[in-house]
Amino acid sequence: MSKYFNRLAEALGCSSPPPPPQRTVFVNHKKTPDSEEYVQQKFPTNRITTSKYTVWNFLPKNLFEQFRRIANFYFLIVGLIQLVIDSPVSPWTTLLPLVFVISVTAVKQAYEDWLRHRADNEVNNRPTQVIRDGKLKDVRSQDIKVGDFVRVIKNQELPADMVMISSYDPEGQCLITTANLDGETNLKIFNCLSDTALLQTEESLDILVASIECEQPQPDLYKFVGRMNIYNQGPEPKVKSLGAENVLLRGARLKNTPYVYGCVIYTGNETKMALNSKQKGHKISIIESSMNDCLIFCLCWLVVQSCLCTGLYYWFENTDERKNMWYLEVANSGAAGVVENILSFLVLFSYIIPISLYVTLELQKFCASMFFPWDIDIYDELIDEPAKANTSDLIEMLGQVEILFSDKTGTLTENDMIFRQCSIDGKRYVESEGALEPMDTTDDGRAFISPDDKKQMGDFMEALALCHVVHVSKKVKGNDKGNKTEIDGPKKSVDSAHLDYQASSPDEKALVEAASRNGVIFKGSTQDYMDVILNGSDRRYTLQHVLEFDSSRKRMSVIVKTPEGKILMLCKGAETAILPRCKSGNKNDAIDHINLYAVEGLRTLCIAHRYLSQEQFDEFDGKLRDARTALQNREEKLAAAFDFVEKDLHLLGATGIEDKLQDGVGETIQKMRQAGIRIWVLTGDKQETAVNISHSCGHFQRGMSEMYLVGQESSEQCLDTLQDLKMKITEDTVPKHALVVDGMSLSYAINEHVELFRRICEACNAVLCCRMTPLQKAEVVRMMKKADSKPMTCAIGDGANDVSMIQEAHLGIGIMGKEGRQAVRSSDYAFGRFRFLQKALLVHGHWFYIRVTTLVQYFFYKNFAMITPQFIYCFYNAFSQQTLYHPFLLTFYNVLFTSLPIFIFGIFEKNLNAKALMNYPQLYHDITQNYNMRWWQYCYSICLGLYHALCFFFGVKLLFGDDVSLLPYMQQYGIWIFGTICMTICVMVVNLKLCYETRHWDGIWIFSMALTIVGYFVLLMIYSGIFWYGFMDTFDMYWIIFKMLESPTFWLGMIIIIAICVIPDFVYKSVLYFFFPERSSAAQYHGLVHGYTAGDTELVPVSHDTELMPVHQFKPETTA
């Protein structure tokens, strides 16, 4: 049935039919001889729209989004009820604050969207050159169409995704930087097809008749499947395969190339840049979840109050006392009357819900998150990058991390590879002063290299110099200022010291540089050949094929034809991917050497080669050509072709490359552990390398019992090992355990024994997972998120392979490393170095969490304190729904009278200074597991609000007792003065409470407090001192504030009531502070007894094992 509705919707134009699996693009909009076979697909325009609203839909769309929030929708319903029923208070008391909150949020979102509109217009109106009717024309970027020829000049940003047709370079190459897409700043070489490389003028391009068949748009930046059909040479097309190296993506920038021509294939929101700009999945803060629970409690409390008062109202109707109250309206005992009374009481008590909580919290988080990139301590001078906050919604989660999942390469290490050692034909060599020296020496201590060893070394270095996709730039002085760069191509005389190798992989660059230092210099390459200098003579190798690296094969190969005419395949990759495919070579010694390198913490690769006969090459070439031109299942066909040729290898040797630890990694891990954060290292490296790095960085400590879940070949074997590990943990006398898991064993453990595996991991102090895929990293994070204890997880990484775990964790942190910026773009927060994690979590996380939780609890406290006197007043007014407070006071209580100080508190509060938090990581552990939002603390805030409400009401009632006049001339006060006095004392008390909750008093906070208190009285004077005709009902409040303030009894009573309210809470906190202190209290006390404030206290560092003691025992270690 659904398919008929879909067809009807398509016929009516309500929906479009699904696109075909691939698209056909006619180059330059010219039909091909077989164009009748294709139904031309409609393509979108090149206009980019990142804005959320338009002038026409802003109001309805923004209101819909805002009223999806529980509190906003609640107050909208309350306001509508007040308009419908005979409300006890004016509808303005609800609608005016609601309009203010909605307006503030709408203005903020409108400004943000206006910025997006402005950026969109700048991009869409950017001038671009296209070929139309054989001539070059200037058009706006948004007017580019699929199939257009576009001319891009040097330093210009590409306006759409396009297949490269030709460039200024006769070899058909150009230099592109993709920093806007993935953050990689190194220059990348892109190529056009050799058949179109010479079409470098508008006239020659205009005669091209071709079509491009390719996949529909998908977001992978590094994948493209397509082919070009060229018809210029006859009716039968010449089919050429297209890959990612032939496609120039929108957002990339042309560098060091005068111009390129390309044919547009994806436009507008179908470009890869636009597809990667979509918002990632929404993460919910733990505070937001707790706050929703509190709101639900308040709603339930509100319903209970309303129903209770309604029941008492009807009970009171039948009492004798009620019969004497002739001035009260007779109750309607019908169902409609009951409902109306319940709604009236619900409106009367509705202010128990803090209407401004959401907008205040949102603005506070937004402003506070600006301090994160402004922190000079987490600014990376090496890359000139400050920290980055991609979201402000999760800012308090920085203070709640319990498990940290960390990548290794580029996160714990520098990702700056240095060639150190190698194994060639079973002999170990070490690089010393730029030359290889054998580690085995003769009896007299001299290094001896035989002629056969030299030949083996030459073959090994030849493989390093040829098996790669590195490009070469040579800096030569130009006529203008600075230098210009020549890329690849033939170079007659080359000094290796002046060559700059550029590679996307630091490993490849290190290997090519090592070969250059040892006499095999890679000069450059084109699409057809590679030039090297071997033993002082130039050699040109004809490039046949490059078999690209992929994570499933874990190897790459290059096939060349040597100057002697032999076909040589060079292969390098992980030992697990190379050694099983080798049929000759010294494999046993190589394995021993690889294990030694891994123990030393070096990254290892195996190098091998194979000579192919012409028949073998021709057969492979046919398989590869068919696979590369296939539009369906191209990856599977390529894998089969690669597997056909990458076998029967001869092992040349192995390399050992050092990736140094970043500065401060050991100290950071130590402090994270002191803060109660368990650390997992998830890496794709081999087991020995990963274990060595874990020891060197302090992830694995001395005294830890190391356990291994590796090499499991079946589910049953994995289960037996897990049970043995569980027994060992139970019976072992060693208190600390470390677990090592490899990727294959992990798949068995997670898929079939997840509960047992999780319990074992929770019992370990450190976990190391090696040989992992990106998907497995995310699975491990997901597994721990589902643990019974519900720990807060954080994932940190620097590469594209870390994106999945960064997005899976509660909090994702990206490292601005050398593997691109995919991790940074997908993260919630990002910075340049792993050691910055100390300041981000221990300091900013602590501050943000304290600020946010205090703000949330304060809002609920102050609303309970304000509205509960209204509930008590119902017992004295026959439940007649008479309001205690004037509507003016109700309207501005949350918006003006109590909002500014807590907002400033939420931005600038520092309960401890940064040095104290850095020196005592244990303080971080004290706030985890949402410590400040536990139910008993929330209940204390509510009970305190109820106690203060009792003091407000009955304290003021005592002043009015027995009709005693509070004025010198015996004039009596009325109901509005009674309510105004209650409100005045409430405003004073709730603001005063914030004063002794604050630890960091600065000028801004003091000014905000003074402005609030003075502003309260000034506003009351303005409101009650003027007749506001036509605006609300102000005559009841006329001159009331002046009458109230001239009474000495009022001032005395206010001081006494404030003292009664504040003293119990102050005494309670003092007892906790001095006799039952937490560690944060001890740190604060240390600052106070030395005459410091929380803003400038500098605690003396203590040893790693020192615990913070109670206040009366607190004697930190001092230095000499």
# chains A, B, ... in the order shown; residues from 1 in each chain; ligands from 1

$ residues_around --residues "Lys135 in chain A" --least-positions-apart "3" --cutoff "7 Å" --atoms "only C-alpha atoms" --output "list in words"
Ile131, Arg132 and Glu202 of chain A

$ write_last_selection --atoms "C-alpha atoms" --output "compact mmCIF listing (two decimals), in the first residue's frame"
# COMPACT_ATOMS: atom_id res chain seq x y z
CA ILE A 131 33.35 28.08 -19.85
CA ARG A 132 30.07 28.76 -21.61
CA GLU A 202 38.98 27.15 -23.75

$ residues_around --residues "Ala630 in chain A" --least-positions-apart "5" --cutoff "10 Å" --atoms "only C-alpha atoms" --output "mmCIF file with C-alpha atoms, in the first residue's frame"
data_model
loop_
_atom_site.group_PDB
_atom_site.id
_atom_site.type_symbol
_atom_site.label_atom_id
_atom_site.label_comp_id
_atom_site.auth_asym_id
_atom_site.auth_seq_id
_atom_site.Cartn_x
_atom_site.Cartn_y
_atom_site.Cartn_z
ATOM 1 C CA CYS A 214 30.091 8.238 -10.698
ATOM 2 C CA VAL A 225 34.216 5.745 -7.444
ATOM 3 C CA GLY A 226 33.750 6.829 -11.049
ATOM 4 C CA ARG A 227 34.859 6.601 -14.647
ATOM 5 C CA SER A 241 38.804 5.048 -14.205
ATOM 6 C CA LEU A 624 43.146 -4.120 -11.953
ATOM 7 C CA ARG A 625 41.772 -2.211 -14.960
ATOM 8 C CA GLU A 635 36.395 -2.169 -3.303
ATOM 9 C CA LYS A 637 37.194 -6.276 -6.905
ATOM 10 C CA LEU A 638 40.239 -4.160 -6.076
#

$ closest_residue --among "A:Ser745, A:Gln200, A:Asn586, A:Ser537" --to "Leu651 in chain A" --atoms "only C-alpha atoms"
A:Asn586

$ select_by_dssp --residues "range 97-301 of chain A" --states "strand (DSSP E or B)" --output "VMD selection string"
chain A and resid 127 to 132 135 to 140 149 to 153 157 161 to 167 173 to 177 188 to 191 210 to 215 226 to 230 238 to 242 247 to 248 253 to 255 259 to 266

$ write_last_selection --atoms "C-alpha atoms" --output "PDB file, in the first residue's frame"
ATOM      1  CA  PRO A 127      33.063  35.427  -8.560  1.00  0.00           C
ATOM      2  CA  THR A 128      33.951  32.279 -10.501  1.00  0.00           C
ATOM      3  CA  GLN A 129      35.067  31.618 -14.069  1.00  0.00           C
ATOM      4  CA  VAL A 130      33.235  29.019 -16.184  1.00  0.00           C
ATOM      5  CA  ILE A 131      33.346  28.083 -19.850  1.00  0.00           C
ATOM      6  CA  ARG A 132      30.067  28.762 -21.615  1.00  0.00           C
ATOM      7  CA  LYS A 135      34.242  31.390 -23.884  1.00  0.00           C
ATOM      8  CA  LEU A 136      35.360  32.133 -20.355  1.00  0.00           C
ATOM      9  CA  LYS A 137      32.643  33.936 -18.413  1.00  0.00           C
ATOM     10  CA  ASP A 138      32.422  35.326 -14.893  1.00  0.00           C
ATOM     11  CA  VAL A 139      29.482  34.035 -12.860  1.00  0.00           C
ATOM     12  CA  ARG A 140      28.532  33.881  -9.230  1.00  0.00           C
ATOM     13  CA  PHE A 149      33.877  23.588 -16.929  1.00  0.00           C
ATOM     14  CA  VAL A 150      35.298  25.741 -14.109  1.00  0.00           C
ATOM     15  CA  ARG A 151      38.629  27.539 -14.157  1.00  0.00           C
ATOM     16  CA  VAL A 152      40.294  27.956 -10.762  1.00  0.00           C
ATOM     17  CA  ILE A 153      43.380  30.106 -10.348  1.00  0.00           C
ATOM     18  CA  GLU A 157      39.115  28.204  -3.134  1.00  0.00           C
ATOM     19  CA  ASP A 161      33.402  19.228  -6.286  1.00  0.00           C
ATOM     20  CA  MET A 162      34.856  18.627  -9.726  1.00  0.00           C
ATOM     21  CA  VAL A 163      36.859  16.107 -11.705  1.00  0.00           C
ATOM     22  CA  MET A 164      40.184  17.601 -12.699  1.00  0.00           C
ATOM     23  CA  ILE A 165      40.462  17.905 -16.478  1.00  0.00           C
ATOM     24  CA  SER A 166      43.776  19.717 -16.944  1.00  0.00           C
ATOM     25  CA  SER A 167      46.164  22.179 -15.347  1.00  0.00           C
ATOM     26  CA  GLN A 173      49.243  17.685 -11.717  1.00  0.00           C
ATOM     27  CA  CYS A 174      48.322  20.402  -9.243  1.00  0.00           C
ATOM     28  CA  LEU A 175      48.935  21.189  -5.590  1.00  0.00           C
ATOM     29  CA  ILE A 176      45.970  21.408  -3.225  1.00  0.00           C
ATOM     30  CA  THR A 177      45.684  22.125   0.474  1.00  0.00           C
ATOM     31  CA  LYS A 188      48.719  17.245  -1.744  1.00  0.00           C
ATOM     32  CA  ILE A 189      49.200  16.264  -5.364  1.00  0.00           C
ATOM     33  CA  PHE A 190      46.095  15.702  -7.501  1.00  0.00           C
ATOM     34  CA  ASN A 191      46.164  14.370 -11.047  1.00  0.00           C
ATOM     35  CA  ALA A 210      32.694  12.927 -22.707  1.00  0.00           C
ATOM     36  CA  SER A 211      30.538  11.780 -19.858  1.00  0.00           C
ATOM     37  CA  ILE A 212      31.342  11.007 -16.239  1.00  0.00           C
ATOM     38  CA  GLU A 213      29.652   8.122 -14.450  1.00  0.00           C
ATOM     39  CA  CYS A 214      30.091   8.238 -10.698  1.00  0.00           C
ATOM     40  CA  GLU A 215      28.475   7.361  -7.399  1.00  0.00           C
ATOM     41  CA  GLY A 226      33.750   6.829 -11.049  1.00  0.00           C
ATOM     42  CA  ARG A 227      34.859   6.601 -14.647  1.00  0.00           C
ATOM     43  CA  MET A 228      35.059   8.887 -17.662  1.00  0.00           C
ATOM     44  CA  ASN A 229      33.836   7.888 -21.115  1.00  0.00           C
ATOM     45  CA  ILE A 230      35.686   9.844 -23.836  1.00  0.00           C
ATOM     46  CA  LYS A 238      37.418   5.183 -24.229  1.00  0.00           C
ATOM     47  CA  VAL A 239      36.786   4.271 -20.585  1.00  0.00           C
ATOM     48  CA  LYS A 240      39.168   5.644 -17.934  1.00  0.00           C
ATOM     49  CA  SER A 241      38.804   5.048 -14.205  1.00  0.00           C
ATOM     50  CA  LEU A 242      38.500   7.944 -11.759  1.00  0.00           C
ATOM     51  CA  VAL A 247      38.608  14.845  -7.737  1.00  0.00           C
ATOM     52  CA  LEU A 248      39.085  18.380  -6.384  1.00  0.00           C
ATOM     53  CA  ARG A 253      42.509  25.691  -2.111  1.00  0.00           C
ATOM     54  CA  LEU A 254      44.770  25.653  -5.170  1.00  0.00           C
ATOM     55  CA  LYS A 255      48.424  26.258  -4.304  1.00  0.00           C
ATOM     56  CA  TYR A 259      45.351  27.389 -12.848  1.00  0.00           C
ATOM     57  CA  VAL A 260      43.348  24.198 -13.280  1.00  0.00           C
ATOM     58  CA  TYR A 261      40.227  23.241 -15.216  1.00  0.00           C
ATOM     59  CA  GLY A 262      37.638  20.885 -13.843  1.00  0.00           C
ATOM     60  CA  CYS A 263      34.209  19.482 -14.630  1.00  0.00           C
ATOM     61  CA  VAL A 264      31.657  19.946 -11.852  1.00  0.00           C
ATOM     62  CA  ILE A 265      30.064  16.720 -10.566  1.00  0.00           C
ATOM     63  CA  TYR A 266      28.594  17.724  -7.154  1.00  0.00           C
TER      64      TYR A 266
END

$ closest_residue --among "A:Leu59, A:Leu661, A:Leu511, A:Ala809" --to "Leu605 in chain A" --atoms "only C-alpha atoms"
A:Leu511

$ residues_around --residues "range 513-517 of chain A" --least-positions-apart "2" --cutoff "7 Å" --atoms "only C-alpha atoms" --output "ChimeraX atom specification"
/A:419,434-435,461,464-465,496,509-511,519-522

$ select_by_dssp --residues "range 781-975 of chain A" --states "helix (DSSP H, G or I)" --output "number ranges by chain"
A: 781-785, 800-808, 822-826, 834-876, 887-897, 900-908, 914-919, 922-925, 931-933, 935-959, 961-963, 975

$ atom_distance --atom1 "CA of Pro88 in chain A" --atom2 "CA of Ser344 in chain A"
6.5 Å
